[in-house]
Every structure is written in C-alpha cells, then in structure tokens.
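File shown: structure_31.cif. Contents: mmCIF, C-alpha atoms.
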```cif
data_target
loop_
_atom_site.group_PDB
_atom_site.id
_atom_site.type_symbol
_atom_site.label_atom_id
_atom_site.label_comp_id
_atom_site.auth_asym_id
_atom_site.auth_seq_id
_atom_site.Cartn_x
_atom_site.Cartn_y
_atom_site.Cartn_z
ATOM 1 C CA MET A 1 22.975 -72.087 135.096
ATOM 2 C CA GLY A 2 20.032 -71.094 137.280
ATOM 3 C CA HIS A 3 16.424 -70.590 136.333
ATOM 4 C CA LEU A 4 14.165 -67.621 136.879
ATOM 5 C CA ILE A 5 10.485 -68.522 136.972
ATOM 6 C CA LEU A 6 7.983 -65.675 136.977
ATOM 7 C CA THR A 7 4.314 -66.217 137.668
ATOM 8 C CA ARG A 8 1.367 -63.877 137.894
ATOM 9 C CA HIS A 9 -1.403 -64.124 140.439
ATOM 10 C CA GLY A 10 -4.517 -66.030 139.516
ATOM 11 C CA GLN A 11 -7.720 -64.284 138.564
ATOM 12 C CA SER A 12 -8.798 -61.818 141.239
ATOM 13 C CA VAL A 13 -12.332 -60.708 142.028
ATOM 14 C CA TRP A 14 -11.752 -57.447 140.170
ATOM 15 C CA ASN A 15 -10.139 -59.205 137.185
ATOM 16 C CA GLY A 16 -13.322 -61.259 136.947
ATOM 17 C CA GLU A 17 -15.331 -58.025 136.846
ATOM 18 C CA ASN A 18 -13.000 -56.565 134.179
ATOM 19 C CA ARG A 19 -11.883 -53.857 136.621
ATOM 20 C CA PHE A 20 -8.324 -52.550 136.880
ATOM 21 C CA THR A 21 -6.883 -53.827 140.143
ATOM 22 C CA GLY A 22 -3.617 -51.945 140.550
ATOM 23 C CA TRP A 23 -2.649 -51.889 144.229
ATOM 24 C CA ALA A 24 -6.171 -52.694 145.465
ATOM 25 C CA ASN A 25 -5.831 -55.669 147.782
ATOM 26 C CA VAL A 26 -8.561 -57.973 146.464
ATOM 27 C CA GLU A 27 -9.043 -61.727 146.832
ATOM 28 C CA LEU A 28 -8.721 -64.519 144.273
ATOM 29 C CA THR A 29 -11.755 -66.034 142.607
ATOM 30 C CA ASP A 30 -12.349 -69.789 142.488
ATOM 31 C CA GLN A 31 -10.922 -69.655 138.973
ATOM 32 C CA GLY A 32 -7.819 -67.870 140.308
ATOM 33 C CA ARG A 33 -7.267 -70.576 142.912
ATOM 34 C CA GLU A 34 -7.623 -73.239 140.212
ATOM 35 C CA GLU A 35 -5.097 -71.389 138.010
ATOM 36 C CA ALA A 36 -2.593 -71.373 140.886
ATOM 37 C CA LYS A 37 -3.106 -75.104 141.430
ATOM 38 C CA LYS A 38 -2.505 -75.835 137.746
ATOM 39 C CA ALA A 39 0.640 -73.682 137.724
ATOM 40 C CA GLY A 40 1.985 -75.569 140.740
ATOM 41 C CA LEU A 41 1.360 -78.927 139.090
ATOM 42 C CA ILE A 42 2.920 -77.807 135.806
ATOM 43 C CA LEU A 43 6.033 -76.629 137.625
ATOM 44 C CA ARG A 44 6.152 -79.773 139.772
ATOM 45 C CA TYR A 45 6.274 -82.062 136.753
ATOM 46 C CA SER A 46 8.341 -79.774 134.501
ATOM 47 C CA GLY A 47 11.657 -81.343 135.423
ATOM 48 C CA LEU A 48 13.028 -78.066 136.737
ATOM 49 C CA PRO A 49 14.815 -78.186 140.098
ATOM 50 C CA ASP A 50 13.130 -76.774 143.187
ATOM 51 C CA PRO A 51 13.561 -73.011 143.411
ATOM 52 C CA GLY A 52 16.215 -71.708 145.754
ATOM 53 C CA ALA A 53 14.015 -68.815 146.844
ATOM 54 C CA VAL A 54 10.503 -67.536 146.323
ATOM 55 C CA PHE A 55 9.608 -63.855 146.408
ATOM 56 C CA VAL A 56 6.048 -62.583 146.481
ATOM 57 C CA SER A 57 4.193 -59.287 146.483
ATOM 58 C CA PRO A 58 2.561 -58.215 149.760
ATOM 59 C CA LEU A 59 -0.874 -58.227 148.099
ATOM 60 C CA LYS A 60 -3.156 -61.024 149.272
ATOM 61 C CA ARG A 61 -4.003 -62.249 145.772
ATOM 62 C CA ALA A 62 -0.289 -62.760 145.093
ATOM 63 C CA LYS A 63 0.400 -64.365 148.486
ATOM 64 C CA LYS A 64 -2.545 -66.748 148.112
ATOM 65 C CA THR A 65 -1.504 -67.676 144.565
ATOM 66 C CA CYS A 66 2.015 -68.351 145.820
ATOM 67 C CA ALA A 67 0.820 -70.444 148.763
ATOM 68 C CA ILE A 68 -1.371 -72.617 146.522
ATOM 69 C CA LEU A 69 1.331 -72.939 143.870
ATOM 70 C CA LEU A 70 3.910 -73.989 146.457
ATOM 71 C CA GLU A 71 1.505 -76.491 148.017
ATOM 72 C CA TYR A 72 1.220 -78.317 144.701
ATOM 73 C CA LEU A 73 4.897 -77.840 143.914
ATOM 74 C CA LYS A 74 5.685 -79.417 147.322
ATOM 75 C CA PHE A 75 8.145 -76.628 148.099
ATOM 76 C CA ARG A 76 8.197 -75.349 151.673
ATOM 77 C CA ARG A 77 10.704 -72.479 151.766
ATOM 78 C CA CYS A 78 9.616 -68.886 151.154
ATOM 79 C CA CYS A 79 11.439 -65.600 151.194
ATOM 80 C CA GLU A 80 10.233 -62.201 152.282
ATOM 81 C CA ALA A 81 9.330 -59.501 149.786
ATOM 82 C CA GLY A 82 7.605 -56.206 150.310
ATOM 83 C CA GLY A 83 7.149 -56.897 153.996
ATOM 84 C CA ALA A 84 5.056 -60.009 153.395
ATOM 85 C CA LEU A 85 6.172 -63.425 154.495
ATOM 86 C CA LEU A 86 4.246 -66.584 153.677
#
```
Starting from the file, give its structure as structure tokens.
Amino acid sequence: MGHLILTRHGQSVWNGENRFTGWANVELTDQGREEAKKAGLILRYSGLPDPGAVFVSPLKRAKKTCAILLEYLKFRRCCEAGGALL
C-alpha cells in the first residue's frame, strides 16, 4: 500500500498579519521557513519510505516550503504541478 502525505505551506507574510492570502503570491516568514524545516525532519525520521513523486502549487510560498522540506527530507526528485517545477 502507498502513502499520501499532504502538507500545507509554512506561515506566509500575510498569514502573519492575519490577512486572507488566497491566490496572492506572498513570501514565507522566518517562522514559515522554520515550520518547513521541522516538517522535513519529521518526515525524514518518520520511517515512511521516500515519496515517489512530489506535487506543489505554483505559488512561491508553497514552492519554497516544498524546497525546504525536501532539503531536510534529503529527497531530490520533484514533479510539475500547476506549471511550476522546483
């Protein structure tokens, strides 16, 4: 049986200001980058196998979260989604 792992982007600038982000393409905060790092480490040591594919939103907060998460997960393959390729 396979696994489906869903993650959400780390805190964005607008999240930090309690503003609705929607499709606005805003950056991560320092806290958001730290959240992505922690998620990557949790997944790395969870005992789950490496993912077969990674899909990400074209928004920069999602792509940056994914890049950080994968850096700490030590996973180097990415798949395209929404026209964005890491």
> What residues come out when you apply the PyMOL selection byres ((chain A and resi 19-28) around 12) to this file, written as an MDAnalysis selection string?
Replying inline: chainID A and resid 8:18 29:36 57:66 68
Write out as lines of an AutoDock Vina configuration file an axis-aligned box for segment 38-47 of chain A: all of its atoms listed in the file, 4 Å added on each side, centre and edge lengths in Å with one decimal.
```
center_x = 4.6
center_y = -77.9
center_z = 137.6
size_x = 22.2
size_y = 16.4
size_z = 14.2
```
> Quick one, how far is atom CA of Leu69 of chain A from atom CA of Ala53 of chain A?
Replying inline: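 Going from atom CA of Leu69 of chain A over to atom CA of Ala53 of chain A covers 13.7 Å.
Across the structure, atom CA of Met1 of chain A and atom CA of Leu41 of chain A are spaced 23.0 Å apart.
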> Separation of atom CA of Gly2 of chain A and atom CA of Tyr72 of chain A, in Å?
Replying inline: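 Computing the Euclidean distance for atom CA of Gly2 of chain A and atom CA of Tyr72 of chain A yields 21.5 Å.
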> Contacts of Leu43 of chain A at 12 Å or less, counting all atoms listed in the file, minus same-chain residues fewer than 3 places along, as a list in words?
Replying inline: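 Final neighbour list, sorted by chain and number: Ile5, Leu6, Thr7, Ala36, Lys37, Lys38, Ala39, Gly40, Ser46, Gly47, Leu48, Pro49, Asp50, Pro51, Leu69, Leu70, Glu71, Tyr72, Leu73, Lys74 and Phe75 of chain A.
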